[in-house]
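The structure appears right after this line, and notes come after that.
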Protein chains: 2
Amino acid sequence: MEKLSISDEAGGESKQQQQQQPSKKQQKKKNKQQQQGNEDGKPKLSRAEIKAQRLAARGAKGGQQQQQEDPLAHKYGDMKLVQSQTLNAYEFTELSALEEKVKGTGDGEVCQVRMRGRLHAVRGKGKSAFVVLRSGTETLQCVFFVDKESKVVSKGMIKYVTGLSKESIVDVEGVAVVADKPVDGCSIKGVEIQGTGLFCVSRAAPLPFDIADACRREDDTTGGTVNQDTRLNNRYIDLRTPANNAIFRIQSAVGQLFRENMLGRDFVEIHSPKIMAGSSEGGSSVFELSYMGRPACLAQSPQLCKQMAICADFGGVFEIGPVFRAEKSFTHRHLCEFVGMDFEMPIKEHYFELLDVIDDLFVYMFDGLKQKKKELEAINAQYPFEPLEYLRPSLRLTFEEGVKMLQEAGVEIDPLDDLSTETERLLGKLVKEKYKTDFYILHRYPLNARPFYTMPAPDNPDYTNSYDVFIRGEEIISGAQRIHDPVLLTERAKACGLDVATIESYIKSFSYGAPPHGGCGVGLERVAMLYLGLNNIRKTSLFPRDPTRLTPP
Amino acid sequence: MEKLSISDEAGGESKQQQQQQPSKKQQKKKNKQQQQGNEDGKPKLSRAEIKAQRLAARGAKGGQQQQQEDPLAHKYGDMKLVQSQTLNAYEFTELSALEEKVKGTGDGEVCQVRMRGRLHAVRGKGKSAFVVLRSGTETLQCVFFVDKESKVVSKGMIKYVTGLSKESIVDVEGVAVVADKPVDGCSIKGVEIQGTGLFCVSRAAPLPFDIADACRREDDTTGGTVNQDTRLNNRYIDLRTPANNAIFRIQSAVGQLFRENMLGRDFVEIHSPKIMAGSSEGGSSVFELSYMGRPACLAQSPQLCKQMAICADFGGVFEIGPVFRAEKSFTHRHLCEFVGMDFEMPIKEHYFELLDVIDDLFVYMFDGLKQKKKELEAINAQYPFEPLEYLRPSLRLTFEEGVKMLQEAGVEIDPLDDLSTETERLLGKLVKEKYKTDFYILHRYPLNARPFYTMPAPDNPDYTNSYDVFIRGEEIISGAQRIHDPVLLTERAKACGLDVATIESYIKSFSYGAPPHGGCGVGLERVAMLYLGLNNIRKTSLFPRDPTRLTPP
């Protein structure tokens with residue numbers, strides 16, 4: 001084996017002890033056990049094996065200089081590189097499960113734990129060390145006291161602990177106890193750890209910024225701040241903050257709630273190709289590439305594929321996947337790559353069938369997100385926001401009604417043109433005042449404001465069977481009943497000045513019997529951003545791509 | 001309103017009747033009702049409104065020439081373009097819900113239905129017409145008899161019905177009755193429809209191939225066949241077959257079961273960018289593009305991002321998203337764009353923790369897929385396959401054990417090199433014979449066979465903490481414990497001949513405290529293909545992209 005690593009330095013392990021990978025014979029035995037079916041389906045180790053492994057793991061530790069002198073030297077130090085030398089040598093407790101575990105401990109029993117996390121903060125004070133251990137959105141206080149009586153913490157241990165760099169990954173051993181008073185500044189307030197051991201799993205080099213600064217509220221001027229570019233340049237560090245951890249748990253939940261609702265309708269999840277032979281919608285900016293020498297581009301939306309799935313009798317379909325827009329939009333709400341949550345479904349008669357689905361879908365999502373109390377709390381602590389107000393069923397206004405509200409508020413506006421971002425925001429305010437909702441559907445948009453494939457309204461050629469949906473005055477959905485008739489589609493394409501030859505295959509796909517249908521696309525990052533009242537979409541994109549940003553990673 | 005469409009021709013509707021879009025006043029009333037919260041959350045229409053709509057909808061129909069003479073002319077004909085003129089004018093019954101509905105009909109009651117579907121087949125015989133209606137994986141017999149007594153079917157109706165092109169979308173009205181004997185050749189065998197009306201929603205132009213031919217078994221030489229290129233060139237028609245409809249329901253289920261299992265472990269679903277500044281893994285072929293004038297490429301895997309999410313303390317993460325490989329692999333199992341199901345998780349000690357997850361995940365998926373009886377039946381009817389055999393817990397073999405089995409079977413093989421596709425398939429057969437399983441995990445691959453970031457085995461420098469997973473002898477997963485130590489990572493990169501400067505940011509990301517971790521990537525299309533025993537991955541890709549195919553759409 002090659003010479004290893006920084007974390008290998010302190011290892012005092014013999015070659016024999018290193019080889020704690022189960023032997024071939026043991027492995028065979030284990031496989032046999034597995035085939036015979038152990039109750040929990042996991043490979044079982046004998047007591048002797050576990051003991052041997054624990055010994056090996058202990059041998060791998062040991063403080064630096066103190067090793068010889070300190071009888072407690074085996075209770076701290078850099079661990080040997082975790083390389084699958086041991087299996088189930090320790091029982092680990094997750095921070096999020098700690099309070100429950102303590103509650104379940106009987107009177108007189110000791111709640112012994114080993115926990116892995118990051119050294120969020122560390123402070124020495126005489127013969128004691130105070131450590132804040134962090135894992136995800138949780139922080140936990142661990143205290144180490146040198147106490148001659150009990151002989152569980154040595155001066156060497158304190159020195160080792162306080163000498164570790166913040167953000168290192170460590171294993172803390174100790175006894176979990178109910179805290180005398182609520183622990184200030186930690187998310188786990190009711191329990192703390194009386195440390196008896198600490199082992200470093202992975203040492204952290206000095207960080208480009210302090211996590212404590214990255215956790216600070218944007219309006220808090222009492223300490224250091226980290227600007228957005230520094231955060232994004234070091235995104236995988238920035239993402240460690242409890243608020244960011246929580247934001248991406250909310251983002252994950254948005255997608256999952258969307259999916260649950262779709263699957264509850266027996267909709268089929270599809271995966272459409274992102275590399276296309278032509279521009280998705282024609283006209284807009286697309287990212288171009290060479291596909292084995294042929295011109296291609298990245299899909300601006302899965303709409304064509306969704307519509308083809310409808311024509312292939314899939315019934316309702318949905319997709320959650322990347323969407324690419326090569327647009328130089330330098331705003332707080334545009335990205336060049338984002339996650340689209342799309343659905344498309346056959347309708348029997350009316351586009352209100354689509355609005356019914358959208359209405360139910362969002363109420364379902366909002367209800368579900370409300371359950372994520374711990375995450376919302378963590379986000380609120382750094383980015384305070386007003387909880388979203390929404391009605392059930394949701395408010396629906398026609399475009400004409402929206403225009404009237406704006407006109408009554410003194411806004412001059414062309415009633416047959418699209419709304420500007422500013423006007424949308426203003427309408428959102430008016431709606432909120434009048435109807436007490438942050439979420440509403442605006443439908444029956446003017447023909448001029450929609451793409452050629454949008455079904456015109458049956459009663460008035462100026463309008464269409466289309467809709468946008470808003471959260472806190474910002475658009476999150478655009479959708480419509482689509483034209484499923486090739487003749488009307490051709491007519492509308494021509495009227496919009498499109499070269500019909502370039503969309504011939506699209507039009508043709510409706511010639512072989514096409515169900516009436518419609519759908520919409522939702523921006524995942526926007527839903528998360530607006531639900532949480534955040535001020536920038538980059539906060540809800542894992543590794544944002546905008547006109548000037550293509551890294552990391 | 002512009003002149004509309006082919007399906008508009010027969011409309012005899014007056015202008016007044018066209019305007020059945022709810023008036024603004026009615027709309028307001030409805031909105032008010034919605035805010036007050038109707039029990040089902042849907043806009044309610046009064047009886048009068050419904051009646052008015054039905055009248056309008058009826059007015060929109062009518063046979064061509066027969067219209068004047070036939071008193072039943074209003075019971076058949078081309079419908080006016082469905083453009084949201086009516087709302088809830090009819091109650092529709094889905095084919096899949098029909099048998100239940102008939103069962104629920106009381107003695108003496110009549111089960112009146114309106115159903116929308118495709119004209120799968122139509123045949124006239126004297127004064128009768130036999131129609132097979134298709135929707136998704138379901139087919140249903142509908143019969144029309146001219147009967148002077150009851151006066152519900154006219155000669156004109158028969159002429160209209162038998163004159164319609166196959167694959168047109170139609171609404172059938174009639175009475176659902178228990179069939180005298182099981183209906184041959186339809187998926188719904190216990191019920192048939194005694195037709196009383198048929199309206200064409202969308203007429204189908206002549207198809208490039210017959211759907212009946214596209215439904216035929218590949219070993220059936222009694223009728224026409226459709227070759228793969230013709231199918232794929234017209235994929236949105238090919239996808240209409242019940243087997244294909246079912247395949248994509250299975251594909252959807254594979255993704256959902258994967259997700260359910262991941263979410264059950266509290267893993268976070270992430271969405272990593274697909275546009276990257278550099279090649280994902282270096283070396284392999286990537287699709288290159290220009291990103292606002294800067295060189296970029298499409299991600300070959302989300303691995304970097306997954307690992308960074310681990311370093312950002314997300315805990316376990318997973319992603320289901322597109323993966324791009326610009327490789328000229330002309331095989332039955334390679335695509336240039338496919339769906340990757342990836343996960344990555346911190347481990348405490350050993351890569352067996354990863355194998356435990358994979359084991360549980362796949363047993364969960366296989367158990368779940370087994371429940372999809374209707375879909376599996378529809379696929380089996382066209383593409384017969386042996387049900388998958390799997391053990392619980394799953395079989396785990398070391399690479400060395402696999403090599404030994406091959407050697408014992410007389411295969412000459414380098415024990416420290418990767419297995420060829422052929423050898424993998426042979427080992428699959430040997431494993432199946434010996435252990436009666438189509439699914440197994442092969443782990444502890446030789447160092448030479450794995451990428452530089454794979455954690456070496458602790459006890460033997462020739463091996464690694466890695467694994468592949470196989471279904472029916474074909475690889476579906478590749479994964480490993482990753483090196484989380486920057487020094488070892490640099491060393492291994494150099495040993496593999498990589499230019500360390502090109503992966504500096506990757507290596508650096510592990511410098512700020514990195515948890516031990518590992519993961520894997522699963523090909524969604526491969527899992528679906530191999531579970532179903534299909535012979536080509538193009539069968540489980542919605543719109544496949546291979547070295548020569550970039551369309552449709």
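Residues in the structure tokens are named by chain (A, B, ... in the order shown) and by number from 1 within that chain; ligands are numbered from 1 in the order shown.
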
Quick one: which residues from chain B are at most 6 Å off chain A, using only C-alpha atoms, as number ranges by chain? B: 1, 4-5, 19, 34, 41, 82-84, 86-87, 136, 167-169, 202-205, 236-237, 239-240, 252, 269, 277, 289, 308, 312-313, 349-351, 393, 458-459, 461, 487-488, 511-514, 550

Compile the contact shell of Gly518 of chain A as a PyMOL selection string: residues with an atom at most 7 Å away, counting only C-alpha atoms, same-chain residues fewer than 3 positions apart removed. chain A and resi 344-346+354+480-482

With N, CA, C and O atoms retained, could you export that selection as a PDB file, in the first residue's frame?
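part-v2.pdb, written as the output of this step:
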ATOM      1  N   GLU A 344     -48.222  17.776 -18.442  1.00  0.00           N
ATOM      2  CA  GLU A 344     -49.076  17.912 -19.621  1.00  0.00           C
ATOM      3  C   GLU A 344     -50.138  16.838 -19.490  1.00  0.00           C
ATOM      4  O   GLU A 344     -49.849  15.742 -19.004  1.00  0.00           O
ATOM      5  N   MET A 345     -51.357  17.165 -19.837  1.00  0.00           N
ATOM      6  CA  MET A 345     -52.437  16.178 -19.669  1.00  0.00           C
ATOM      7  C   MET A 345     -53.517  16.369 -20.720  1.00  0.00           C
ATOM      8  O   MET A 345     -53.723  17.484 -21.213  1.00  0.00           O
ATOM      9  N   PRO A 346     -54.198  15.281 -21.071  1.00  0.00           N
ATOM     10  CA  PRO A 346     -55.337  15.425 -21.973  1.00  0.00           C
ATOM     11  C   PRO A 346     -56.449  16.143 -21.209  1.00  0.00           C
ATOM     12  O   PRO A 346     -56.566  15.989 -19.988  1.00  0.00           O
ATOM     13  N   LEU A 354     -57.258  21.977 -16.377  1.00  0.00           N
ATOM     14  CA  LEU A 354     -55.837  22.182 -16.071  1.00  0.00           C
ATOM     15  C   LEU A 354     -55.679  23.047 -14.819  1.00  0.00           C
ATOM     16  O   LEU A 354     -54.844  22.769 -13.959  1.00  0.00           O
ATOM     17  N   ALA A 480     -50.930  26.633 -20.816  1.00  0.00           N
ATOM     18  CA  ALA A 480     -52.098  26.855 -21.675  1.00  0.00           C
ATOM     19  C   ALA A 480     -52.674  25.545 -22.167  1.00  0.00           C
ATOM     20  O   ALA A 480     -52.012  24.510 -22.107  1.00  0.00           O
ATOM     21  N   GLN A 481     -53.910  25.648 -22.662  1.00  0.00           N
ATOM     22  CA  GLN A 481     -54.377  24.597 -23.565  1.00  0.00           C
ATOM     23  C   GLN A 481     -53.607  24.794 -24.865  1.00  0.00           C
ATOM     24  O   GLN A 481     -53.408  25.917 -25.322  1.00  0.00           O
ATOM     25  N   ARG A 482     -53.109  23.679 -25.436  1.00  0.00           N
ATOM     26  CA  ARG A 482     -52.333  23.774 -26.671  1.00  0.00           C
ATOM     27  C   ARG A 482     -53.257  23.524 -27.864  1.00  0.00           C
ATOM     28  O   ARG A 482     -54.282  22.839 -27.725  1.00  0.00           O
TER      29      ARG A 482
END
